[in-house]
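**Student:** What follows is the file input.pdb, containing PDB, C-alpha atoms (C1' of nucleotides):
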```
MODEL        1
ATOM      1  CA  MET A   1      43.205  43.176  -5.350
ATOM      2  CA  ILE A   2      39.636  42.117  -5.802
ATOM      3  CA  GLN A   3      37.470  41.926  -2.699
ATOM      4  CA  ASN A   4      35.768  38.830  -1.477
ATOM      5  CA  HIS A   5      32.184  38.015  -2.120
ATOM      6  CA  ASN A   6      30.905  38.926   1.331
ATOM      7  CA  ALA A   7      32.575  42.322   1.349
ATOM      8  CA  ILE A   8      30.785  43.207  -1.865
ATOM      9  CA  GLN A   9      27.458  41.860  -0.646
ATOM     10  CA  ILE A  10      27.678  43.938   2.513
ATOM     11  CA  LYS A  11      28.763  47.081   0.738
ATOM     12  CA  ALA A  12      25.934  46.716  -1.784
ATOM     13  CA  LYS A  13      23.552  46.322   1.120
ATOM     14  CA  LEU A  14      24.796  49.561   2.648
ATOM     15  CA  PHE A  15      24.137  51.413  -0.591
ATOM     16  CA  ARG A  16      20.709  49.892  -0.856
ATOM     17  CA  GLY A  17      19.897  51.855   2.259
ATOM     18  CA  PHE A  18      20.517  55.019   0.237
ATOM     19  CA  SER A  19      19.118  53.840  -3.056
ATOM     20  CA  ASP A  20      15.401  54.215  -2.471
ATOM     21  CA  PRO A  21      14.055  57.782  -2.778
ATOM     22  CA  SER A  22      11.779  57.491   0.241
ATOM     23  CA  ARG A  23      14.504  56.073   2.424
ATOM     24  CA  LEU A  24      17.005  58.642   1.205
ATOM     25  CA  ASN A  25      14.485  61.380   1.892
ATOM     26  CA  ILE A  26      14.259  60.169   5.498
ATOM     27  CA  ILE A  27      18.036  60.099   5.766
ATOM     28  CA  GLU A  28      18.330  63.611   4.373
ATOM     29  CA  VAL A  29      15.889  64.909   6.965
ATOM     30  CA  LEU A  30      17.885  63.115   9.653
ATOM     31  CA  ARG A  31      21.017  64.946   8.531
ATOM     32  CA  GLU A  32      19.445  67.985  10.194
ATOM     33  CA  GLY A  33      19.420  66.144  13.500
ATOM     34  CA  LYS A  34      17.340  63.928  15.707
ATOM     35  CA  LYS A  35      13.709  63.558  14.599
ATOM     36  CA  SER A  36      10.657  61.716  15.860
ATOM     37  CA  VAL A  37       8.746  59.449  13.520
ATOM     38  CA  GLY A  38       5.947  61.992  13.362
ATOM     39  CA  GLU A  39       8.348  64.724  12.335
ATOM     40  CA  LEU A  40       9.748  62.479   9.632
ATOM     41  CA  VAL A  41       6.244  61.706   8.406
ATOM     42  CA  GLU A  42       5.487  65.401   8.185
ATOM     43  CA  ALA A  43       8.783  66.318   6.530
ATOM     44  CA  THR A  44       8.722  63.556   3.936
ATOM     45  CA  GLU A  45       4.964  63.426   3.346
ATOM     46  CA  LEU A  46       5.165  59.644   3.433
ATOM     47  CA  SER A  47       2.626  57.564   5.324
ATOM     48  CA  GLN A  48       3.452  56.647   8.909
ATOM     49  CA  PRO A  49       3.681  52.890   8.284
ATOM     50  CA  ASN A  50       5.847  53.505   5.278
ATOM     51  CA  VAL A  51       8.234  55.654   7.324
ATOM     52  CA  SER A  52       8.307  53.048  10.081
ATOM     53  CA  ASN A  53       9.036  50.291   7.594
ATOM     54  CA  HIS A  54      11.929  52.222   6.128
ATOM     55  CA  LEU A  55      13.224  53.152   9.562
ATOM     56  CA  ARG A  56      13.295  49.544  10.541
ATOM     57  CA  CYS A  57      15.278  48.741   7.453
ATOM     58  CA  LEU A  58      17.709  51.553   8.236
ATOM     59  CA  ALA A  59      17.959  50.537  11.884
ATOM     60  CA  ASP A  60      18.572  46.906  10.986
ATOM     61  CA  CYS A  61      21.447  48.121   8.862
ATOM     62  CA  ASP A  62      22.731  50.302  11.705
ATOM     63  CA  LEU A  63      22.411  53.413   9.575
ATOM     64  CA  VAL A  64      20.168  54.996  12.181
ATOM     65  CA  LYS A  65      19.701  54.559  15.901
ATOM     66  CA  SER A  66      16.695  55.353  18.027
ATOM     67  CA  GLU A  67      15.782  56.271  21.566
ATOM     68  CA  ARG A  68      12.419  56.527  23.169
ATOM     69  CA  ASP A  69      11.303  59.632  25.034
ATOM     70  CA  GLY A  70       7.834  59.131  26.410
ATOM     71  CA  ARG A  71       5.607  58.170  23.551
ATOM     72  CA  TYR A  72       7.970  59.619  21.005
ATOM     73  CA  ILE A  73      10.797  57.686  19.453
ATOM     74  CA  TYR A  74      13.620  59.778  18.120
ATOM     75  CA  TYR A  75      15.836  58.637  15.311
ATOM     76  CA  GLN A  76      19.240  59.915  14.279
ATOM     77  CA  LEU A  77      22.013  58.924  11.925
ATOM     78  CA  SER A  78      24.323  56.475  13.632
ATOM     79  CA  ASP A  79      27.613  57.603  12.149
ATOM     80  CA  ALA A  80      29.070  60.896  10.915
ATOM     81  CA  ARG A  81      30.486  59.176   7.870
ATOM     82  CA  ILE A  82      26.980  58.766   6.515
ATOM     83  CA  ASP A  83      26.842  62.522   6.221
ATOM     84  CA  GLN A  84      30.262  62.527   4.584
ATOM     85  CA  ILE A  85      29.233  59.935   2.033
ATOM     86  CA  LEU A  86      26.190  62.001   1.145
ATOM     87  CA  SER A  87      28.233  65.194   0.883
ATOM     88  CA  LEU A  88      30.724  63.534  -1.419
ATOM     89  CA  SER A  89      27.861  62.241  -3.517
ATOM     90  CA  GLU A  90      26.524  65.752  -3.851
ATOM     91  CA  LYS A  91      29.871  66.947  -5.137
ATOM     92  CA  LEU A  92      29.956  64.108  -7.625
ATOM     93  CA  LEU A  93      26.431  64.896  -8.744
ATOM     94  CA  SER A  94      27.163  68.566  -9.133
ATOM     95  CA  GLU A  95      29.016  67.511 -12.255
ATOM     96  CA  ALA A  96      27.439  64.202 -13.156
ATOM     97  CA  ALA A  97      23.826  64.950 -12.300
ATOM     98  CA  ARG A  98      22.651  65.196 -15.846
ATOM     99  CA  GLY A  99      24.046  61.807 -16.748
ATOM    100  CA  VAL A 100      22.505  60.194 -13.704
ATOM    101  CA  PHE A 101      19.197  61.829 -14.387
ATOM    102  CA  GLU A 102      19.158  60.610 -17.945
ATOM    103  CA  CYS A 103      19.944  57.041 -16.966
ATOM    104  CA  THR A 104      17.067  55.086 -18.426
ATOM    105  CA  ARG A 105      17.561  51.744 -16.790
ATOM    106  CA  TYR A 106      15.361  52.597 -13.850
ATOM    107  CA  GLU A 107      12.096  54.397 -14.249
ATOM    108  CA  MET A 108      11.741  56.285 -11.030
ATOM    109  CA  ASN A 109       8.881  58.423 -12.232
ATOM    110  CA  ALA A 110      10.815  61.609 -11.631
ATOM    111  CA  GLU A 111       9.324  64.913 -12.578
ATOM    112  CA  ALA A 112      10.909  66.955 -15.324
ATOM    113  CA  VAL A 113      14.137  68.726 -14.501
ATOM    114  CA  GLN A 114      14.564  72.267 -15.736
ATOM    115  CA  GLU A 115      17.984  73.104 -17.084
TER     116      GLU A 115
ATOM    117  CA  MET B   1      11.953  69.543   3.406
ATOM    118  CA  ILE B   2      15.598  70.457   2.950
ATOM    119  CA  GLN B   3      16.236  69.311  -0.568
ATOM    120  CA  ASN B   4      13.852  69.303  -3.451
ATOM    121  CA  HIS B   5      12.264  66.204  -4.802
ATOM    122  CA  ASN B   6      14.477  65.975  -7.862
ATOM    123  CA  ALA B   7      17.706  66.205  -5.907
ATOM    124  CA  ILE B   8      16.672  63.210  -3.868
ATOM    125  CA  GLN B   9      15.540  61.243  -6.902
ATOM    126  CA  ILE B  10      18.864  61.810  -8.601
ATOM    127  CA  LYS B  11      20.928  60.998  -5.545
ATOM    128  CA  ALA B  12      18.964  57.812  -4.991
ATOM    129  CA  LYS B  13      19.610  56.887  -8.578
ATOM    130  CA  LEU B  14      23.333  57.379  -8.095
ATOM    131  CA  PHE B  15      23.329  55.018  -5.124
ATOM    132  CA  ARG B  16      21.313  52.516  -7.059
ATOM    133  CA  GLY B  17      24.331  52.182  -9.281
ATOM    134  CA  PHE B  18      26.232  50.882  -6.250
ATOM    135  CA  SER B  19      23.435  48.937  -4.656
ATOM    136  CA  ASP B  20      23.404  45.787  -6.730
ATOM    137  CA  PRO B  21      26.113  43.236  -5.860
ATOM    138  CA  SER B  22      26.896  42.416  -9.475
ATOM    139  CA  ARG B  23      27.181  46.049 -10.448
ATOM    140  CA  LEU B  24      29.247  46.859  -7.387
ATOM    141  CA  ASN B  25      31.512  43.935  -8.172
ATOM    142  CA  ILE B  26      32.130  45.414 -11.610
ATOM    143  CA  ILE B  27      32.840  48.824 -10.076
ATOM    144  CA  GLU B  28      35.255  47.330  -7.567
ATOM    145  CA  VAL B  29      37.192  45.638 -10.346
ATOM    146  CA  LEU B  30      37.270  48.946 -12.207
ATOM    147  CA  ARG B  31      38.828  50.610  -9.179
ATOM    148  CA  GLU B  32      41.965  48.705 -10.157
ATOM    149  CA  GLY B  33      41.985  50.494 -13.492
ATOM    150  CA  LYS B  34      40.769  50.248 -17.048
ATOM    151  CA  LYS B  35      39.321  46.855 -18.002
ATOM    152  CA  SER B  36      37.824  45.318 -21.106
ATOM    153  CA  VAL B  37      34.429  43.678 -20.937
ATOM    154  CA  GLY B  38      36.052  40.267 -21.221
ATOM    155  CA  GLU B  39      38.336  41.004 -18.286
ATOM    156  CA  LEU B  40      35.325  42.092 -16.253
ATOM    157  CA  VAL B  41      33.476  38.916 -17.183
ATOM    158  CA  GLU B  42      36.428  36.840 -16.058
ATOM    159  CA  ALA B  43      37.001  38.781 -12.835
ATOM    160  CA  THR B  44      33.373  38.850 -11.758
ATOM    161  CA  GLU B  45      32.322  35.429 -13.099
ATOM    162  CA  LEU B  46      29.143  37.012 -14.409
ATOM    163  CA  SER B  47      27.803  36.224 -17.853
ATOM    164  CA  GLN B  48      28.835  38.507 -20.694
ATOM    165  CA  PRO B  49      25.336  39.840 -21.399
ATOM    166  CA  ASN B  50      24.846  40.476 -17.732
ATOM    167  CA  VAL B  51      28.079  42.468 -17.512
ATOM    168  CA  SER B  52      27.169  44.425 -20.638
ATOM    169  CA  ASN B  53      23.720  45.201 -19.269
ATOM    170  CA  HIS B  54      25.183  46.504 -16.033
ATOM    171  CA  LEU B  55      27.854  48.474 -17.862
ATOM    172  CA  ARG B  56      25.217  50.182 -19.915
ATOM    173  CA  CYS B  57      23.386  51.124 -16.759
ATOM    174  CA  LEU B  58      26.579  52.482 -15.238
ATOM    175  CA  ALA B  59      27.491  54.331 -18.424
ATOM    176  CA  ASP B  60      24.031  55.852 -18.703
ATOM    177  CA  CYS B  61      24.529  57.164 -15.190
ATOM    178  CA  ASP B  62      27.983  58.476 -16.113
ATOM    179  CA  LEU B  63      29.600  56.337 -13.457
ATOM    180  CA  VAL B  64      31.861  54.724 -16.058
ATOM    181  CA  LYS B  65      33.192  55.762 -19.438
ATOM    182  CA  SER B  66      34.412  53.587 -22.275
ATOM    183  CA  GLU B  67      36.753  53.703 -25.244
ATOM    184  CA  ARG B  68      37.172  51.230 -28.022
ATOM    185  CA  ASP B  69      40.569  49.771 -28.925
ATOM    186  CA  GLY B  70      40.218  47.432 -31.852
ATOM    187  CA  ARG B  71      37.633  44.865 -30.952
ATOM    188  CA  TYR B  72      38.033  45.512 -27.251
ATOM    189  CA  ILE B  73      36.105  48.124 -25.361
ATOM    190  CA  TYR B  74      37.749  49.368 -22.223
ATOM    191  CA  TYR B  75      35.776  50.743 -19.312
ATOM    192  CA  GLN B  76      36.950  52.867 -16.432
ATOM    193  CA  LEU B  77      35.428  54.825 -13.591
ATOM    194  CA  SER B  78      34.501  58.292 -14.742
ATOM    195  CA  ASP B  79      35.312  60.241 -11.601
ATOM    196  CA  ALA B  80      37.801  59.921  -8.758
ATOM    197  CA  ARG B  81      35.085  60.693  -6.238
ATOM    198  CA  ILE B  82      33.521  57.331  -6.944
ATOM    199  CA  ASP B  83      36.606  55.752  -5.444
ATOM    200  CA  GLN B  84      36.397  58.161  -2.503
ATOM    201  CA  ILE B  85      32.774  57.289  -1.849
ATOM    202  CA  LEU B  86      33.642  53.608  -1.839
ATOM    203  CA  SER B  87      36.613  54.154   0.469
ATOM    204  CA  LEU B  88      34.495  56.105   2.914
ATOM    205  CA  SER B  89      31.926  53.345   2.807
ATOM    206  CA  GLU B  90      34.580  50.825   3.675
ATOM    207  CA  LYS B  91      35.559  52.847   6.714
ATOM    208  CA  LEU B  92      31.942  53.063   7.761
ATOM    209  CA  LEU B  93      31.510  49.348   7.284
ATOM    210  CA  SER B  94      34.629  48.539   9.247
ATOM    211  CA  GLU B  95      32.536  49.439  12.270
ATOM    212  CA  ALA B  96      28.977  48.936  11.070
ATOM    213  CA  ALA B  97      29.475  45.840   8.939
ATOM    214  CA  ARG B  98      27.855  43.493  11.371
ATOM    215  CA  GLY B  99      24.682  45.543  11.481
ATOM    216  CA  VAL B 100      24.482  45.823   7.724
ATOM    217  CA  PHE B 101      25.168  42.147   7.327
ATOM    218  CA  GLU B 102      22.390  41.305   9.732
ATOM    219  CA  CYS B 103      19.858  43.587   8.054
ATOM    220  CA  THR B 104      16.926  41.335   7.310
ATOM    221  CA  ARG B 105      14.718  43.577   5.242
ATOM    222  CA  TYR B 106      15.849  42.192   1.925
ATOM    223  CA  GLU B 107      15.638  38.562   2.969
ATOM    224  CA  MET B 108      11.985  38.930   3.916
ATOM    225  CA  ASN B 109      12.850  37.565   7.288
ATOM    226  CA  ALA B 110      10.477  39.085   9.822
ATOM    227  CA  GLU B 111      12.498  39.302  13.002
ATOM    228  CA  ALA B 112      12.694  42.614  14.770
ATOM    229  CA  VAL B 113      15.987  43.960  16.098
ATOM    230  CA  GLN B 114      15.254  46.436  18.853
ATOM    231  CA  GLU B 115      17.640  47.988  21.289
TER     232      GLU B 115
ATOM    233  C1'  DA C   1      33.942  37.379 -48.456
ATOM    234  C1'  DT C   2      33.723  34.301 -44.557
ATOM    235  C1'  DA C   3      34.918  33.071 -40.034
ATOM    236  C1'  DT C   4      36.106  34.380 -35.568
ATOM    237  C1'  DT C   5      36.254  37.167 -31.567
ATOM    238  C1'  DA C   6      34.379  40.855 -28.655
ATOM    239  C1'  DT C   7      30.594  43.281 -27.135
ATOM    240  C1'  DA C   8      25.683  44.976 -27.244
ATOM    241  C1'  DT C   9      20.754  44.494 -27.422
ATOM    242  C1'  DC C  10      16.319  42.612 -26.461
ATOM    243  C1'  DA C  11      12.497  39.819 -24.838
ATOM    244  C1'  DT C  12      11.343  36.921 -21.298
ATOM    245  C1'  DT C  13      11.447  34.947 -16.836
ATOM    246  C1'  DA C  14      11.862  34.996 -12.064
ATOM    247  C1'  DA C  15      12.775  37.231  -8.033
ATOM    248  C1'  DG C  16      12.830  41.329  -5.187
ATOM    249  C1'  DT C  17      10.715  45.149  -2.822
ATOM    250  C1'  DA C  18       7.974  49.577  -1.900
ATOM    251  C1'  DA C  19       3.451  51.112  -0.630
ATOM    252  C1'  DT C  20      -0.943  50.325   1.259
ATOM    253  C1'  DT C  21      -4.385  48.747   4.511
ATOM    254  C1'  DA C  22      -5.498  46.974   8.660
ATOM    255  C1'  DT C  23      -4.193  45.921  13.077
ATOM    256  C1'  DA C  24      -1.141  45.626  17.152
ATOM    257  C1'  DT C  25       1.743  47.503  20.848
ATOM    258  C1'  DA C  26       3.220  51.020  23.983
ATOM    259  C1'  DA C  27       3.008  55.273  26.602
ATOM    260  C1'  DT C  28       0.196  58.854  28.434
ATOM    261  C1'  DT C  29      -3.886  61.233  29.988
ATOM    262  C1'  DA C  30      -8.665  61.698  31.700
TER     263       DA C  30
ATOM    264  C1'  DT D   1      -9.718  51.593  33.375
ATOM    265  C1'  DA D   2     -10.752  53.533  29.006
ATOM    266  C1'  DA D   3      -9.467  56.732  25.563
ATOM    267  C1'  DT D   4      -5.905  58.897  23.029
ATOM    268  C1'  DT D   5      -1.561  59.456  20.818
ATOM    269  C1'  DA D   6       2.725  57.637  18.788
ATOM    270  C1'  DT D   7       4.869  54.059  16.559
ATOM    271  C1'  DA D   8       5.447  49.171  14.875
ATOM    272  C1'  DT D   9       4.113  45.035  12.492
ATOM    273  C1'  DA D  10       2.080  42.051   9.041
ATOM    274  C1'  DA D  11      -0.290  40.607   4.857
ATOM    275  C1'  DT D  12      -1.317  41.852   0.433
ATOM    276  C1'  DT D  13      -0.757  44.096  -3.944
ATOM    277  C1'  DA D  14       1.563  46.266  -7.531
ATOM    278  C1'  DC D  15       5.593  47.496  -9.373
ATOM    279  C1'  DT D  16      10.620  47.037 -10.262
ATOM    280  C1'  DT D  17      14.586  44.854 -11.894
ATOM    281  C1'  DA D  18      18.359  41.237 -12.293
ATOM    282  C1'  DA D  19      19.545  37.288 -14.951
ATOM    283  C1'  DT D  20      19.086  34.418 -18.818
ATOM    284  C1'  DG D  21      19.028  32.948 -23.639
ATOM    285  C1'  DA D  22      18.862  34.179 -28.227
ATOM    286  C1'  DT D  23      20.397  37.205 -31.498
ATOM    287  C1'  DA D  24      22.625  41.374 -33.476
ATOM    288  C1'  DT D  25      26.513  44.415 -34.413
ATOM    289  C1'  DA D  26      31.346  45.463 -34.930
ATOM    290  C1'  DA D  27      36.214  44.674 -35.714
ATOM    291  C1'  DT D  28      39.766  41.733 -37.350
ATOM    292  C1'  DA D  29      41.946  37.835 -39.445
ATOM    293  C1'  DT D  30      42.167  34.183 -42.938
TER     294       DT D  30
ENDMDL
END
```
Now that the file is in, can you turn its structure into structure tokens?
**Tutor:**
Amino acid sequence: MIQNHNAIQIKAKLFRGFSDPSRLNIIEVLREGKKSVGELVEATELSQPNVSNHLRCLADCDLVKSERDGRYIYYQLSDARIDQILSLSEKLLSEAARGVFECTRYEMNAEAVQE
Amino acid sequence: MIQNHNAIQIKAKLFRGFSDPSRLNIIEVLREGKKSVGELVEATELSQPNVSNHLRCLADCDLVKSERDGRYIYYQLSDARIDQILSLSEKLLSEAARGVFECTRYEMNAEAVQE
DNA sequence: ATATTATATCATTAAGTAATTATATAATTA
DNA sequence: TAATTATATAATTACTTAATGATATAATAT
């Protein structure tokens, strides 16, 4: 049975959280555990405002939650299933990675992959 | 950094396949089983060129595979884990749907949601 | 061979969105 | 209080990409 329009909109929105390389990079770092914004900036090598912008997006979508400790604000993934979804995706990519990489519809300016 | 740059690029690209509502709609219909392009057009109410464009994107990424039968071309999901990823996402959304729905980043609506 | 049906491709348009720069807010320390 | 550190916000710019409309290819039927 086909899903209703809203269900698809919402699900697409969830995946959009994962679909940007910078945002996904942040999420991958958060899979290690709770991190401050500064730690995320250092780990991802993104600019601080850029990290904050993406974090707000992720927080709005309830993919991450935050708590302040002094002047630091710590972020963490809000749900264990996020980790599961990413693990499953890795398994899928372990076989399909070449096809995904060669997809030409998006130009993500990726560096060359050695095979 | 836990993962290398390429791994993140490729994973982001995979999720981009799911992140557009039209494309996700097509994928959801394909979860029911093999469908011709015409059946997908009818089920999704998207235009035929639009469906074909998205199918090419999905095929390039190896998310779907196709086979011709006469003048019809049938598409199906290429890997059972795609269905698993979508099922897991549904479970996640069963609790987080409100937050995702209320995410304002993509509507360019500047209203902070702090806790 | 011509017409019809099914699908793909391509150029263009229009909308979306990531990154940057500058600035603001908040907590802490001197 | 003023300075410093950590993070957030906002406006702008540059880039990305979905949808459309026109056309092309492919298979089949007449």
**Student:** Residues of chain B no more than 7 Å from chain C, counting only C-alpha atoms (C1' of nucleotides): send them over as a list in words.
**Tutor:**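 Listing them in order of chain and number gives Ser52, Arg71 and Tyr72 of chain B.
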**Student:** Quick check, in Å to one decimal: how far apart do CA of Ala80 (chain B) and C1' of DT17 (chain D) lie?
**Tutor:**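 That distance, rounded to one decimal, is 27.9 Å.
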**Student:** Excluding Asn53 (chain B) and its own-chain neighbours fewer than 5 positions away, which residues fall within 12 Å of it when counting all atoms listed in the file? Please give them as a PyMOL selection string.
**Tutor:** (chain A and resi 104-105) or (chain B and resi 22-23+26+37+41+46-48+58-60) or (chain C and resi 7-10) or (chain D and resi 17-20)
**Student:** Using the chain letters and numbers from the file, give me the residues hit by the PyMOL selection byres ((chain D and resi 28) around 8), as a PyMOL selection string.
**Tutor:** (chain B and resi 70-71) or (chain D and resi 27+29)
**Student:** Which residues of chain D are close to chain A, meaning at most 10 Å apart when you count all atoms listed in the file, and how do they look as a PyMOL selection string?
**Tutor:** chain D and resi 5-9+16-17
**Student:** What is the CA of Glu28 (chain B) to CA of Leu14 (chain A) distance in Å?
**Tutor:** 14.8 Å
**Student:** What is the distance between CA of Ile27 (chain A) and CA of Asp83 (chain A), in Å to one decimal?
**Tutor:**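 These atoms are spaced 9.1 Å apart.
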**Student:** Smallest atom-to-atom distance to Gln76 (chain B): which of B:Asn25, B:Lys34, B:Leu92, B:Leu63, using only C-alpha atoms?
**Tutor:** B:Lys34
**Student:** Could you list, as an MDAnalysis selection string, every residue matched by the PyMOL selection byres ((chain A and resi 79) around 12) in this structure?
**Tutor:** (chainID A and resid 27 30:31 33 59 61:65 76:78 80:86) or (chainID B and resid 88:89 91:96)
**Student:** Please determine the residues with any atom at most 7 Å from (20.3, 47.9, 2.9) (coordinates as given in the file, with all atoms listed in the file counting) and report them as a tab-separated table (two decimals) with C-alpha atoms, keeping the file's coordinate frame.
**Tutor:**
```
chain	number	residue	atom	x	y	z
A	13	LYS	CA	23.55	46.32	1.12
A	14	LEU	CA	24.80	49.56	2.65
A	15	PHE	CA	24.14	51.41	-0.59
A	16	ARG	CA	20.71	49.89	-0.86
A	17	GLY	CA	19.90	51.86	2.26
A	57	CYS	CA	15.28	48.74	7.45
A	58	LEU	CA	17.71	51.55	8.24
A	61	CYS	CA	21.45	48.12	8.86
B	100	VAL	CA	24.48	45.82	7.72
B	103	CYS	CA	19.86	43.59	8.05
```
**Student:** Give the centre and edge lengths of an axis-aligned box, in Å to one decimal, that holds all listed atoms of region 18-28 of chain C with 5 Å on each side, as AutoDock Vina command-line options.
**Tutor:**
```
--center_x 1.2 --center_y 52.2 --center_z 13.3 --size_x 23.5 --size_y 23.2 --size_z 40.3
```
**Student:** Pick the closest to chain A from B:Ala12, B:Leu40, B:Ala7, B:Leu55: which is it, counting all atoms listed in the file?
**Tutor:** B:Ala12
